[in-house]
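Source file: run_25.pdb. Holds: PDB, C-alpha atoms, pLDDT in the B column.
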```
ATOM      1  CA  ASP A   1     -25.829  35.650  -1.665  1.00 58.00           C
ATOM      2  CA  ALA A   2     -27.723  33.535   0.814  1.00 64.00           C
ATOM      3  CA  LYS A   3     -28.450  35.221   4.119  1.00 88.00           C
ATOM      4  CA  THR A   4     -27.698  33.925   7.602  1.00 94.00           C
ATOM      5  CA  THR A   5     -29.494  34.728  10.841  1.00 95.00           C
ATOM      6  CA  GLN A   6     -27.816  34.566  14.231  1.00 97.00           C
ATOM      7  CA  PRO A   7     -28.791  35.714  17.721  1.00 97.00           C
ATOM      8  CA  ASN A   8     -27.260  39.084  18.546  1.00 96.00           C
ATOM      9  CA  SER A   9     -25.699  37.917  21.779  1.00 97.00           C
ATOM     10  CA  MET A  10     -25.188  34.893  23.995  1.00 98.00           C
ATOM     11  CA  GLU A  11     -23.595  34.228  27.361  1.00 97.00           C
ATOM     12  CA  SER A  12     -21.792  31.196  28.656  1.00 96.00           C
ATOM     13  CA  ASN A  13     -20.076  30.232  31.862  1.00 97.00           C
ATOM     14  CA  GLU A  14     -16.395  29.511  31.655  1.00 97.00           C
ATOM     15  CA  GLU A  15     -15.496  25.863  31.013  1.00 96.00           C
ATOM     16  CA  GLU A  16     -19.011  25.003  29.906  1.00 97.00           C
ATOM     17  CA  PRO A  17     -20.002  24.068  26.342  1.00 96.00           C
ATOM     18  CA  VAL A  18     -21.478  26.729  24.084  1.00 97.00           C
ATOM     19  CA  HIS A  19     -23.814  26.123  21.177  1.00 98.00           C
ATOM     20  CA  LEU A  20     -24.006  29.009  18.720  1.00 98.00           C
ATOM     21  CA  PRO A  21     -26.881  28.633  16.243  1.00 98.00           C
ATOM     22  CA  CYS A  22     -27.132  29.902  12.687  1.00 97.00           C
ATOM     23  CA  ASN A  23     -30.119  29.755  10.358  1.00 96.00           C
ATOM     24  CA  HIS A  24     -29.563  29.736   6.605  1.00 94.00           C
ATOM     25  CA  SER A  25     -32.866  28.613   5.132  1.00 93.00           C
ATOM     26  CA  THR A  26     -32.018  29.845   1.599  1.00 90.00           C
ATOM     27  CA  ILE A  27     -28.771  27.909   1.369  1.00 90.00           C
ATOM     28  CA  SER A  28     -28.056  26.316  -2.002  1.00 87.00           C
ATOM     29  CA  GLY A  29     -26.520  22.923  -2.648  1.00 84.00           C
ATOM     30  CA  THR A  30     -23.068  24.337  -3.381  1.00 84.00           C
ATOM     31  CA  ASP A  31     -22.864  26.786  -0.476  1.00 88.00           C
ATOM     32  CA  TYR A  32     -20.202  26.149   2.118  1.00 90.00           C
ATOM     33  CA  ILE A  33     -20.877  27.110   5.740  1.00 93.00           C
ATOM     34  CA  HIS A  34     -18.040  29.043   7.333  1.00 93.00           C
ATOM     35  CA  TRP A  35     -17.564  30.249  10.891  1.00 96.00           C
ATOM     36  CA  TYR A  36     -15.195  33.053  11.771  1.00 96.00           C
ATOM     37  CA  ARG A  37     -14.731  34.970  14.965  1.00 97.00           C
ATOM     38  CA  GLN A  38     -13.502  38.471  15.637  1.00 97.00           C
ATOM     39  CA  LEU A  39     -11.919  39.761  18.793  1.00 95.00           C
ATOM     40  CA  PRO A  40     -12.094  43.511  19.466  1.00 91.00           C
ATOM     41  CA  SER A  41      -9.920  45.599  17.139  1.00 91.00           C
ATOM     42  CA  GLN A  42      -8.654  42.543  15.245  1.00 95.00           C
ATOM     43  CA  GLY A  43      -9.371  40.950  11.905  1.00 96.00           C
ATOM     44  CA  PRO A  44     -11.654  37.912  11.789  1.00 95.00           C
ATOM     45  CA  GLU A  45     -10.125  34.518  12.502  1.00 94.00           C
ATOM     46  CA  TYR A  46     -11.101  31.224  10.847  1.00 92.00           C
ATOM     47  CA  VAL A  47     -12.862  28.774  13.132  1.00 95.00           C
ATOM     48  CA  ILE A  48     -14.308  25.985  11.010  1.00 95.00           C
ATOM     49  CA  HIS A  49     -16.184  25.264   7.804  1.00 93.00           C
ATOM     50  CA  GLY A  50     -18.277  22.485   6.309  1.00 93.00           C
ATOM     51  CA  LEU A  51     -20.543  21.502   3.463  1.00 92.00           C
ATOM     52  CA  THR A  52     -22.819  18.649   4.492  1.00 93.00           C
ATOM     53  CA  SER A  53     -21.177  16.533   7.173  1.00 92.00           C
ATOM     54  CA  ASN A  54     -20.399  17.492  10.745  1.00 94.00           C
ATOM     55  CA  VAL A  55     -16.844  18.696  11.217  1.00 95.00           C
ATOM     56  CA  ASN A  56     -14.432  18.754  14.128  1.00 96.00           C
ATOM     57  CA  ASN A  57     -11.156  20.557  14.602  1.00 93.00           C
ATOM     58  CA  ARG A  58      -9.048  21.622  17.536  1.00 92.00           C
ATOM     59  CA  MET A  59     -11.040  24.809  18.028  1.00 91.00           C
ATOM     60  CA  ALA A  60     -14.623  23.685  17.665  1.00 96.00           C
ATOM     61  CA  SER A  61     -17.203  21.389  16.130  1.00 98.00           C
ATOM     62  CA  LEU A  62     -19.719  22.219  13.435  1.00 98.00           C
ATOM     63  CA  ALA A  63     -23.035  20.434  13.417  1.00 98.00           C
ATOM     64  CA  ILE A  64     -24.992  20.808  10.169  1.00 97.00           C
ATOM     65  CA  ALA A  65     -28.685  19.978  10.014  1.00 96.00           C
ATOM     66  CA  GLU A  66     -29.694  17.258   7.607  1.00 95.00           C
ATOM     67  CA  ASP A  67     -31.581  19.735   5.404  1.00 95.00           C
ATOM     68  CA  ARG A  68     -28.645  22.169   5.723  1.00 95.00           C
ATOM     69  CA  LYS A  69     -30.956  25.018   6.629  1.00 95.00           C
ATOM     70  CA  SER A  70     -29.252  25.527   9.951  1.00 96.00           C
ATOM     71  CA  SER A  71     -25.980  24.816  11.662  1.00 97.00           C
ATOM     72  CA  THR A  72     -24.512  25.037  15.142  1.00 98.00           C
ATOM     73  CA  LEU A  73     -21.010  25.944  16.176  1.00 98.00           C
ATOM     74  CA  ILE A  74     -20.016  24.093  19.322  1.00 98.00           C
ATOM     75  CA  LEU A  75     -17.258  25.267  21.620  1.00 97.00           C
ATOM     76  CA  HIS A  76     -16.716  22.338  23.946  1.00 95.00           C
ATOM     77  CA  ARG A  77     -15.296  24.264  26.886  1.00 96.00           C
ATOM     78  CA  ALA A  78     -15.589  28.015  26.742  1.00 96.00           C
ATOM     79  CA  THR A  79     -12.655  30.034  27.985  1.00 96.00           C
ATOM     80  CA  LEU A  80     -12.372  33.758  28.513  1.00 96.00           C
ATOM     81  CA  ARG A  81     -10.331  33.952  25.311  1.00 95.00           C
ATOM     82  CA  ASP A  82     -13.362  32.692  23.380  1.00 97.00           C
ATOM     83  CA  ALA A  83     -15.241  35.929  24.057  1.00 97.00           C
ATOM     84  CA  ALA A  84     -15.694  37.375  20.573  1.00 97.00           C
ATOM     85  CA  VAL A  85     -18.203  38.055  17.813  1.00 98.00           C
ATOM     86  CA  TYR A  86     -18.890  34.843  15.890  1.00 98.00           C
ATOM     87  CA  TYR A  87     -19.950  35.081  12.270  1.00 97.00           C
ATOM     88  CA  CYS A  88     -21.683  32.379  10.257  1.00 96.00           C
ATOM     89  CA  ILE A  89     -21.116  32.960   6.521  1.00 93.00           C
ATOM     90  CA  LEU A  90     -22.131  31.134   3.348  1.00 90.00           C
ATOM     91  CA  THR A  91     -19.944  31.029   0.262  1.00 84.00           C
ATOM     92  CA  ARG A  92     -20.425  29.438  -3.142  1.00 75.00           C
ATOM     93  CA  ASN A  93     -16.855  28.364  -3.835  1.00 64.00           C
ATOM     94  CA  THR A  94     -13.497  28.516  -2.202  1.00 54.00           C
ATOM     95  CA  GLY A  95     -11.894  31.916  -2.042  1.00 54.00           C
ATOM     96  CA  ASN A  96     -15.066  33.907  -2.560  1.00 69.00           C
ATOM     97  CA  GLN A  97     -15.709  37.233  -0.928  1.00 77.00           C
ATOM     98  CA  PHE A  98     -17.600  37.110   2.335  1.00 85.00           C
ATOM     99  CA  TYR A  99     -20.817  38.949   3.076  1.00 86.00           C
ATOM    100  CA  PHE A 100     -20.939  39.219   6.832  1.00 90.00           C
ATOM    101  CA  GLY A 101     -24.150  39.239   8.832  1.00 89.00           C
ATOM    102  CA  THR A 102     -24.480  40.769  12.248  1.00 91.00           C
ATOM    103  CA  GLY A 103     -22.893  37.838  14.069  1.00 96.00           C
ATOM    104  CA  THR A 104     -23.311  36.693  17.679  1.00 98.00           C
ATOM    105  CA  SER A 105     -21.441  38.445  20.436  1.00 97.00           C
ATOM    106  CA  LEU A 106     -20.383  35.777  22.927  1.00 98.00           C
ATOM    107  CA  THR A 107     -19.722  36.765  26.515  1.00 98.00           C
ATOM    108  CA  VAL A 108     -17.932  34.243  28.711  1.00 97.00           C
ATOM    109  CA  ILE A 109     -18.591  34.616  32.410  1.00 97.00           C
ATOM    110  CA  PRO A 110     -15.781  33.609  34.786  1.00 96.00           C
TER
ATOM    111  CA  GLY B   1      -1.751  28.969   8.732  1.00 69.00           C
ATOM    112  CA  ALA B   2      -1.141  31.657   6.156  1.00 83.00           C
ATOM    113  CA  VAL B   3      -0.510  35.217   7.286  1.00 92.00           C
ATOM    114  CA  VAL B   4      -1.861  38.472   5.932  1.00 95.00           C
ATOM    115  CA  SER B   5      -0.365  41.717   7.170  1.00 96.00           C
ATOM    116  CA  GLN B   6      -1.523  45.303   6.919  1.00 98.00           C
ATOM    117  CA  HIS B   7       0.363  48.553   7.168  1.00 98.00           C
ATOM    118  CA  PRO B   8      -0.072  50.857   8.904  1.00 98.00           C
ATOM    119  CA  SER B   9      -2.015  49.471  11.844  1.00 97.00           C
ATOM    120  CA  TRP B  10      -3.385  52.921  12.556  1.00 97.00           C
ATOM    121  CA  VAL B  11      -3.218  56.303  10.874  1.00 98.00           C
ATOM    122  CA  ILE B  12      -4.494  59.777  11.592  1.00 98.00           C
ATOM    123  CA  CYS B  13      -4.806  62.199   8.713  1.00 96.00           C
ATOM    124  CA  LYS B  14      -6.288  65.603   8.041  1.00 97.00           C
ATOM    125  CA  SER B  15      -9.456  66.082   6.059  1.00 97.00           C
ATOM    126  CA  GLY B  16      -8.756  66.415   2.340  1.00 97.00           C
ATOM    127  CA  THR B  17      -5.567  64.364   2.305  1.00 97.00           C
ATOM    128  CA  SER B  18      -5.072  60.849   0.903  1.00 97.00           C
ATOM    129  CA  VAL B  19      -4.044  57.760   2.801  1.00 98.00           C
ATOM    130  CA  LYS B  20      -2.627  54.495   1.448  1.00 98.00           C
ATOM    131  CA  ILE B  21      -3.118  51.189   3.236  1.00 98.00           C
ATOM    132  CA  GLU B  22      -1.085  48.121   2.264  1.00 97.00           C
ATOM    133  CA  CYS B  23      -2.188  44.509   2.460  1.00 97.00           C
ATOM    134  CA  ARG B  24       0.375  41.755   2.041  1.00 96.00           C
ATOM    135  CA  SER B  25       0.116  37.983   1.903  1.00 93.00           C
ATOM    136  CA  LEU B  26       3.327  36.950   3.625  1.00 93.00           C
ATOM    137  CA  ASP B  27       3.718  33.291   2.761  1.00 89.00           C
ATOM    138  CA  PHE B  28       1.413  32.653  -0.142  1.00 89.00           C
ATOM    139  CA  GLN B  29       0.414  34.220  -3.425  1.00 89.00           C
ATOM    140  CA  ALA B  30      -2.998  35.750  -3.809  1.00 88.00           C
ATOM    141  CA  THR B  31      -4.502  36.572  -7.182  1.00 86.00           C
ATOM    142  CA  THR B  32      -7.519  37.956  -5.380  1.00 90.00           C
ATOM    143  CA  MET B  33      -7.735  40.001  -2.213  1.00 93.00           C
ATOM    144  CA  PHE B  34     -10.710  41.628  -0.578  1.00 94.00           C
ATOM    145  CA  TRP B  35     -11.167  44.924   1.221  1.00 97.00           C
ATOM    146  CA  TYR B  36     -13.685  45.438   4.013  1.00 97.00           C
ATOM    147  CA  ARG B  37     -14.716  48.381   6.147  1.00 97.00           C
ATOM    148  CA  GLN B  38     -16.074  48.153   9.664  1.00 97.00           C
ATOM    149  CA  PHE B  39     -17.659  50.962  11.654  1.00 96.00           C
ATOM    150  CA  PRO B  40     -17.805  50.759  15.464  1.00 93.00           C
ATOM    151  CA  LYS B  41     -20.229  48.161  16.801  1.00 91.00           C
ATOM    152  CA  GLN B  42     -21.091  47.056  13.250  1.00 94.00           C
ATOM    153  CA  SER B  43     -20.262  44.090  11.079  1.00 94.00           C
ATOM    154  CA  LEU B  44     -17.715  44.008   8.266  1.00 95.00           C
ATOM    155  CA  MET B  45     -18.879  45.387   4.950  1.00 95.00           C
ATOM    156  CA  LEU B  46     -17.262  44.210   1.741  1.00 94.00           C
ATOM    157  CA  MET B  47     -15.993  47.171  -0.268  1.00 96.00           C
ATOM    158  CA  ALA B  48     -14.226  45.641  -3.227  1.00 95.00           C
ATOM    159  CA  THR B  49     -12.449  42.683  -4.745  1.00 92.00           C
ATOM    160  CA  SER B  50      -8.859  43.336  -5.723  1.00 91.00           C
ATOM    161  CA  ASN B  51      -7.635  41.368  -8.742  1.00 88.00           C
ATOM    162  CA  GLU B  52      -3.948  41.009  -9.522  1.00 88.00           C
ATOM    163  CA  GLY B  53      -3.129  42.622 -12.832  1.00 86.00           C
ATOM    164  CA  SER B  54      -6.609  43.939 -13.520  1.00 88.00           C
ATOM    165  CA  LYS B  55      -9.166  46.411 -12.260  1.00 91.00           C
ATOM    166  CA  ALA B  56     -10.826  45.987  -8.916  1.00 93.00           C
ATOM    167  CA  THR B  57     -14.495  45.122  -8.638  1.00 93.00           C
ATOM    168  CA  TYR B  58     -16.419  47.425  -6.329  1.00 96.00           C
ATOM    169  CA  GLU B  59     -19.560  46.641  -4.365  1.00 94.00           C
ATOM    170  CA  GLN B  60     -22.632  48.693  -5.010  1.00 95.00           C
ATOM    171  CA  GLY B  61     -22.483  52.053  -3.305  1.00 95.00           C
ATOM    172  CA  VAL B  62     -18.693  52.142  -2.954  1.00 96.00           C
ATOM    173  CA  GLU B  63     -17.094  55.019  -4.845  1.00 95.00           C
ATOM    174  CA  LYS B  64     -14.284  53.639  -6.977  1.00 94.00           C
ATOM    175  CA  ASP B  65     -12.730  57.075  -7.498  1.00 95.00           C
ATOM    176  CA  LYS B  66     -12.548  57.623  -3.769  1.00 97.00           C
ATOM    177  CA  PHE B  67     -11.243  54.204  -2.778  1.00 97.00           C
ATOM    178  CA  LEU B  68      -8.477  53.395  -5.245  1.00 97.00           C
ATOM    179  CA  ILE B  69      -7.295  49.813  -5.263  1.00 96.00           C
ATOM    180  CA  ASN B  70      -4.102  48.562  -6.846  1.00 93.00           C
ATOM    181  CA  HIS B  71      -3.043  44.916  -6.919  1.00 91.00           C
ATOM    182  CA  ALA B  72       0.300  45.103  -8.656  1.00 84.00           C
ATOM    183  CA  SER B  73       1.765  41.811  -7.455  1.00 91.00           C
ATOM    184  CA  LEU B  74       0.624  38.445  -6.154  1.00 91.00           C
ATOM    185  CA  THR B  75       1.441  39.434  -2.587  1.00 93.00           C
ATOM    186  CA  LEU B  76       0.447  43.095  -2.369  1.00 95.00           C
ATOM    187  CA  SER B  77      -2.773  45.046  -2.679  1.00 95.00           C
ATOM    188  CA  THR B  78      -3.146  48.688  -1.711  1.00 97.00           C
ATOM    189  CA  LEU B  79      -6.197  50.739  -0.826  1.00 98.00           C
ATOM    190  CA  THR B  80      -5.900  54.513  -1.147  1.00 98.00           C
ATOM    191  CA  VAL B  81      -8.559  56.651   0.461  1.00 98.00           C
ATOM    192  CA  THR B  82      -8.497  59.855  -1.555  1.00 97.00           C
ATOM    193  CA  SER B  83      -9.603  63.240  -0.221  1.00 97.00           C
ATOM    194  CA  ALA B  84     -10.458  61.673   3.098  1.00 97.00           C
ATOM    195  CA  HIS B  85     -13.248  63.108   5.232  1.00 97.00           C
ATOM    196  CA  PRO B  86     -14.216  62.412   8.836  1.00 97.00           C
ATOM    197  CA  GLU B  87     -16.976  60.053   7.691  1.00 96.00           C
ATOM    198  CA  ASP B  88     -14.263  57.837   6.159  1.00 97.00           C
ATOM    199  CA  SER B  89     -12.918  57.167   9.641  1.00 97.00           C
ATOM    200  CA  SER B  90     -13.263  53.433  10.079  1.00 97.00           C
ATOM    201  CA  PHE B  91     -11.488  50.112  10.557  1.00 97.00           C
ATOM    202  CA  TYR B  92     -10.277  48.794   7.190  1.00 98.00           C
ATOM    203  CA  ILE B  93      -9.542  45.080   6.878  1.00 98.00           C
ATOM    204  CA  CYS B  94      -8.192  43.073   3.960  1.00 97.00           C
ATOM    205  CA  SER B  95      -8.278  39.351   3.319  1.00 94.00           C
ATOM    206  CA  ALA B  96      -6.819  36.809   0.947  1.00 92.00           C
ATOM    207  CA  GLY B  97      -7.778  33.212   0.353  1.00 80.00           C
ATOM    208  CA  GLN B  98      -5.957  29.938   0.300  1.00 68.00           C
ATOM    209  CA  SER B  99      -7.858  26.698  -0.179  1.00 65.00           C
ATOM    210  CA  TYR B 100     -11.099  26.932   1.804  1.00 69.00           C
ATOM    211  CA  GLU B 101     -10.014  29.653   4.155  1.00 77.00           C
ATOM    212  CA  GLN B 102      -9.916  33.403   4.000  1.00 86.00           C
ATOM    213  CA  TYR B 103      -7.071  34.916   5.970  1.00 91.00           C
ATOM    214  CA  PHE B 104      -7.759  38.357   7.336  1.00 94.00           C
ATOM    215  CA  GLY B 105      -5.276  41.063   8.083  1.00 96.00           C
ATOM    216  CA  PRO B 106      -5.173  42.675  11.522  1.00 97.00           C
ATOM    217  CA  GLY B 107      -6.891  45.803  10.240  1.00 97.00           C
ATOM    218  CA  THR B 108      -5.993  49.471   9.878  1.00 98.00           C
ATOM    219  CA  ARG B 109      -7.685  52.078  12.031  1.00 97.00           C
ATOM    220  CA  LEU B 110      -8.146  55.295  10.042  1.00 98.00           C
ATOM    221  CA  THR B 111      -9.068  58.499  11.813  1.00 98.00           C
ATOM    222  CA  VAL B 112      -9.697  61.611   9.718  1.00 97.00           C
ATOM    223  CA  THR B 113      -9.626  64.883  11.618  1.00 97.00           C
TER
END
```

Could you render the structure as structure tokens?
Amino acid sequence: DAKTTQPNSMESNEEEPVHLPCNHSTISGTDYIHWYRQLPSQGPEYVIHGLTSNVNNRMASLAIAEDRKSSTLILHRATLRDAAVYYCILTRNTGNQFYFGTGTSLTVIP
Amino acid sequence: GAVVSQHPSWVICKSGTSVKIECRSLDFQATTMFWYRQFPKQSLMLMATSNEGSKATYEQGVEKDKFLINHASLTLSTLTVTSAHPEDSSFYICSAGQSYEQYFGPGTRLTVT
């Protein structure tokens, strides 16, 4: 499965936008880009996913590079509840198993 | 969204005993479920794919005789850790898919003493 690379940690001030990058240079044409986040001692939670076009939902936006070799998860206004580990994952088809990378631990500063 | 539950949420057992963890999809049917393990400060590691009505598929390095998986119905998969040892202490998480999303359970914290 294609590998993703994310920074180990990032910090953001509360109520400011956060841009979480993910590199996936070996992505194939049929790979979907998923973002999940995990709060301490909980299971991961779906954030957003996309294939080629940028995506928006109530939680976040996903910006996908034109060559699809990188993507950025955008939290428009970080809150303390957004402090979590964010995982960028590639999958071939819907419902496939996930191979998690190390993720980015986001700290939100009040 | 769809809900996946796990039971128990935490369990403490003695070394050498077996422990069963249940994973249920509450409002949808799942022909496939996945089991993950997570050690402290580490990422989730896929252990196996649970297939309803057939044998589970295990990832390389995961002992199938130690981690028994049964997927007897479209809403229930179980993971049994047999002859548990302290090194099996971990956070076990299951997931099931619907459309483009994977729904994860809240996890089960296993401590083997």

Which residues would end up in the selection if the PyMOL selection byres ((chain B) within 12 of (chain A)) were applied here, given that I need the answer as a VMD selection string? chain B and resid 1 to 6 9 to 10 30 to 51 57 to 59 90 to 109

Save the residues we just selected, C-alpha atoms, as a PDB file, keeping the file's coordinate frame?
```pdb
ATOM      1  CA  GLY B   1      -1.751  28.969   8.732  1.00 69.00           C
ATOM      2  CA  ALA B   2      -1.141  31.657   6.156  1.00 83.00           C
ATOM      3  CA  VAL B   3      -0.510  35.217   7.286  1.00 92.00           C
ATOM      4  CA  VAL B   4      -1.861  38.472   5.932  1.00 95.00           C
ATOM      5  CA  SER B   5      -0.365  41.717   7.170  1.00 96.00           C
ATOM      6  CA  GLN B   6      -1.523  45.303   6.919  1.00 98.00           C
ATOM      7  CA  SER B   9      -2.015  49.471  11.844  1.00 97.00           C
ATOM      8  CA  TRP B  10      -3.385  52.921  12.556  1.00 97.00           C
ATOM      9  CA  ALA B  30      -2.998  35.750  -3.809  1.00 88.00           C
ATOM     10  CA  THR B  31      -4.502  36.572  -7.182  1.00 86.00           C
ATOM     11  CA  THR B  32      -7.519  37.956  -5.380  1.00 90.00           C
ATOM     12  CA  MET B  33      -7.735  40.001  -2.213  1.00 93.00           C
ATOM     13  CA  PHE B  34     -10.710  41.628  -0.578  1.00 94.00           C
ATOM     14  CA  TRP B  35     -11.167  44.924   1.221  1.00 97.00           C
ATOM     15  CA  TYR B  36     -13.685  45.438   4.013  1.00 97.00           C
ATOM     16  CA  ARG B  37     -14.716  48.381   6.147  1.00 97.00           C
ATOM     17  CA  GLN B  38     -16.074  48.153   9.664  1.00 97.00           C
ATOM     18  CA  PHE B  39     -17.659  50.962  11.654  1.00 96.00           C
ATOM     19  CA  PRO B  40     -17.805  50.759  15.464  1.00 93.00           C
ATOM     20  CA  LYS B  41     -20.229  48.161  16.801  1.00 91.00           C
ATOM     21  CA  GLN B  42     -21.091  47.056  13.250  1.00 94.00           C
ATOM     22  CA  SER B  43     -20.262  44.090  11.079  1.00 94.00           C
ATOM     23  CA  LEU B  44     -17.715  44.008   8.266  1.00 95.00           C
ATOM     24  CA  MET B  45     -18.879  45.387   4.950  1.00 95.00           C
ATOM     25  CA  LEU B  46     -17.262  44.210   1.741  1.00 94.00           C
ATOM     26  CA  MET B  47     -15.993  47.171  -0.268  1.00 96.00           C
ATOM     27  CA  ALA B  48     -14.226  45.641  -3.227  1.00 95.00           C
ATOM     28  CA  THR B  49     -12.449  42.683  -4.745  1.00 92.00           C
ATOM     29  CA  SER B  50      -8.859  43.336  -5.723  1.00 91.00           C
ATOM     30  CA  ASN B  51      -7.635  41.368  -8.742  1.00 88.00           C
ATOM     31  CA  THR B  57     -14.495  45.122  -8.638  1.00 93.00           C
ATOM     32  CA  TYR B  58     -16.419  47.425  -6.329  1.00 96.00           C
ATOM     33  CA  GLU B  59     -19.560  46.641  -4.365  1.00 94.00           C
ATOM     34  CA  SER B  90     -13.263  53.433  10.079  1.00 97.00           C
ATOM     35  CA  PHE B  91     -11.488  50.112  10.557  1.00 97.00           C
ATOM     36  CA  TYR B  92     -10.277  48.794   7.190  1.00 98.00           C
ATOM     37  CA  ILE B  93      -9.542  45.080   6.878  1.00 98.00           C
ATOM     38  CA  CYS B  94      -8.192  43.073   3.960  1.00 97.00           C
ATOM     39  CA  SER B  95      -8.278  39.351   3.319  1.00 94.00           C
ATOM     40  CA  ALA B  96      -6.819  36.809   0.947  1.00 92.00           C
ATOM     41  CA  GLY B  97      -7.778  33.212   0.353  1.00 80.00           C
ATOM     42  CA  GLN B  98      -5.957  29.938   0.300  1.00 68.00           C
ATOM     43  CA  SER B  99      -7.858  26.698  -0.179  1.00 65.00           C
ATOM     44  CA  TYR B 100     -11.099  26.932   1.804  1.00 69.00           C
ATOM     45  CA  GLU B 101     -10.014  29.653   4.155  1.00 77.00           C
ATOM     46  CA  GLN B 102      -9.916  33.403   4.000  1.00 86.00           C
ATOM     47  CA  TYR B 103      -7.071  34.916   5.970  1.00 91.00           C
ATOM     48  CA  PHE B 104      -7.759  38.357   7.336  1.00 94.00           C
ATOM     49  CA  GLY B 105      -5.276  41.063   8.083  1.00 96.00           C
ATOM     50  CA  PRO B 106      -5.173  42.675  11.522  1.00 97.00           C
ATOM     51  CA  GLY B 107      -6.891  45.803  10.240  1.00 97.00           C
ATOM     52  CA  THR B 108      -5.993  49.471   9.878  1.00 98.00           C
ATOM     53  CA  ARG B 109      -7.685  52.078  12.031  1.00 97.00           C
TER      54      ARG B 109
END
```

If we count only C-alpha atoms, what is near Ile69 (chain B) at a cut-off of 7 Å, once residues fewer than 6 positions away on the same chain are taken out, given as a PyMOL selection string? chain B and resi 50+56+78-80

List, as a ChimeraX atom specification, every residue that the PyMOL selection byres ((chain A and resi 55-59) around 12) selects in the file provided. /A:33-37,45-54,60-65,71-79,81-82

I'd like to see the residues matched by the PyMOL selection byres ((chain A and resi 3) around 9) on this file, and ideally I'd get them as a PyMOL selection string. chain A and resi 1-2+4-5+23-27+89-90+99-101

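Residue nearest Glu63 (chain B) within the list B:Val19, B:Val11, B:Val81, B:Leu26: B:Val81 [criterion: smallest interatomic distance, all atoms listed in the file].
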
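Here CA of Cys22 (chain A) stands at a distance of 22.0 Å from CA of Ile109 (chain A).
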
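From CA of Glu11 (chain A) back to CA of Tyr86 (chain A), the distance works out to 12.4 Å.
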
One decimal, Å: what's the distance from CA of Gly16 (chain B) over to CA of Ser89 (chain B), could you say? 12.5 Å

What's around His7 (chain B) at 7 Å? Count only C-alpha atoms, leave out sequence neighbours fewer than 4 positions away in its own chain, and write the answer as a PyMOL selection string. chain B and resi 21-23+108

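Comparing the minimum interatomic distances between Arg68 (chain A) and each of A:Arg92, A:Ser28, A:Ala83, A:Ser105, counting all atoms listed in the file, we find that A:Ser28 sits nearest.
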
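Proximity of B:Asp88, B:Val112, B:Glu52, B:Asp27 to Phe67 (chain B), computed with only C-alpha atoms, is greatest for B:Asp88.
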
Neighbours of Ser54 (chain B) within 9 Å (all atoms listed in the file; same-chain residues fewer than 4 positions away dropped), as a compact mmCIF listing (two decimals) with C-alpha atoms, in the coordinates of the input?
```txt
# COMPACT_ATOMS: atom_id res chain seq x y z
CA SER B 50 -8.86 43.34 -5.72
CA ASN B 70 -4.10 48.56 -6.85
CA HIS B 71 -3.04 44.92 -6.92
CA ALA B 72 0.30 45.10 -8.66
```
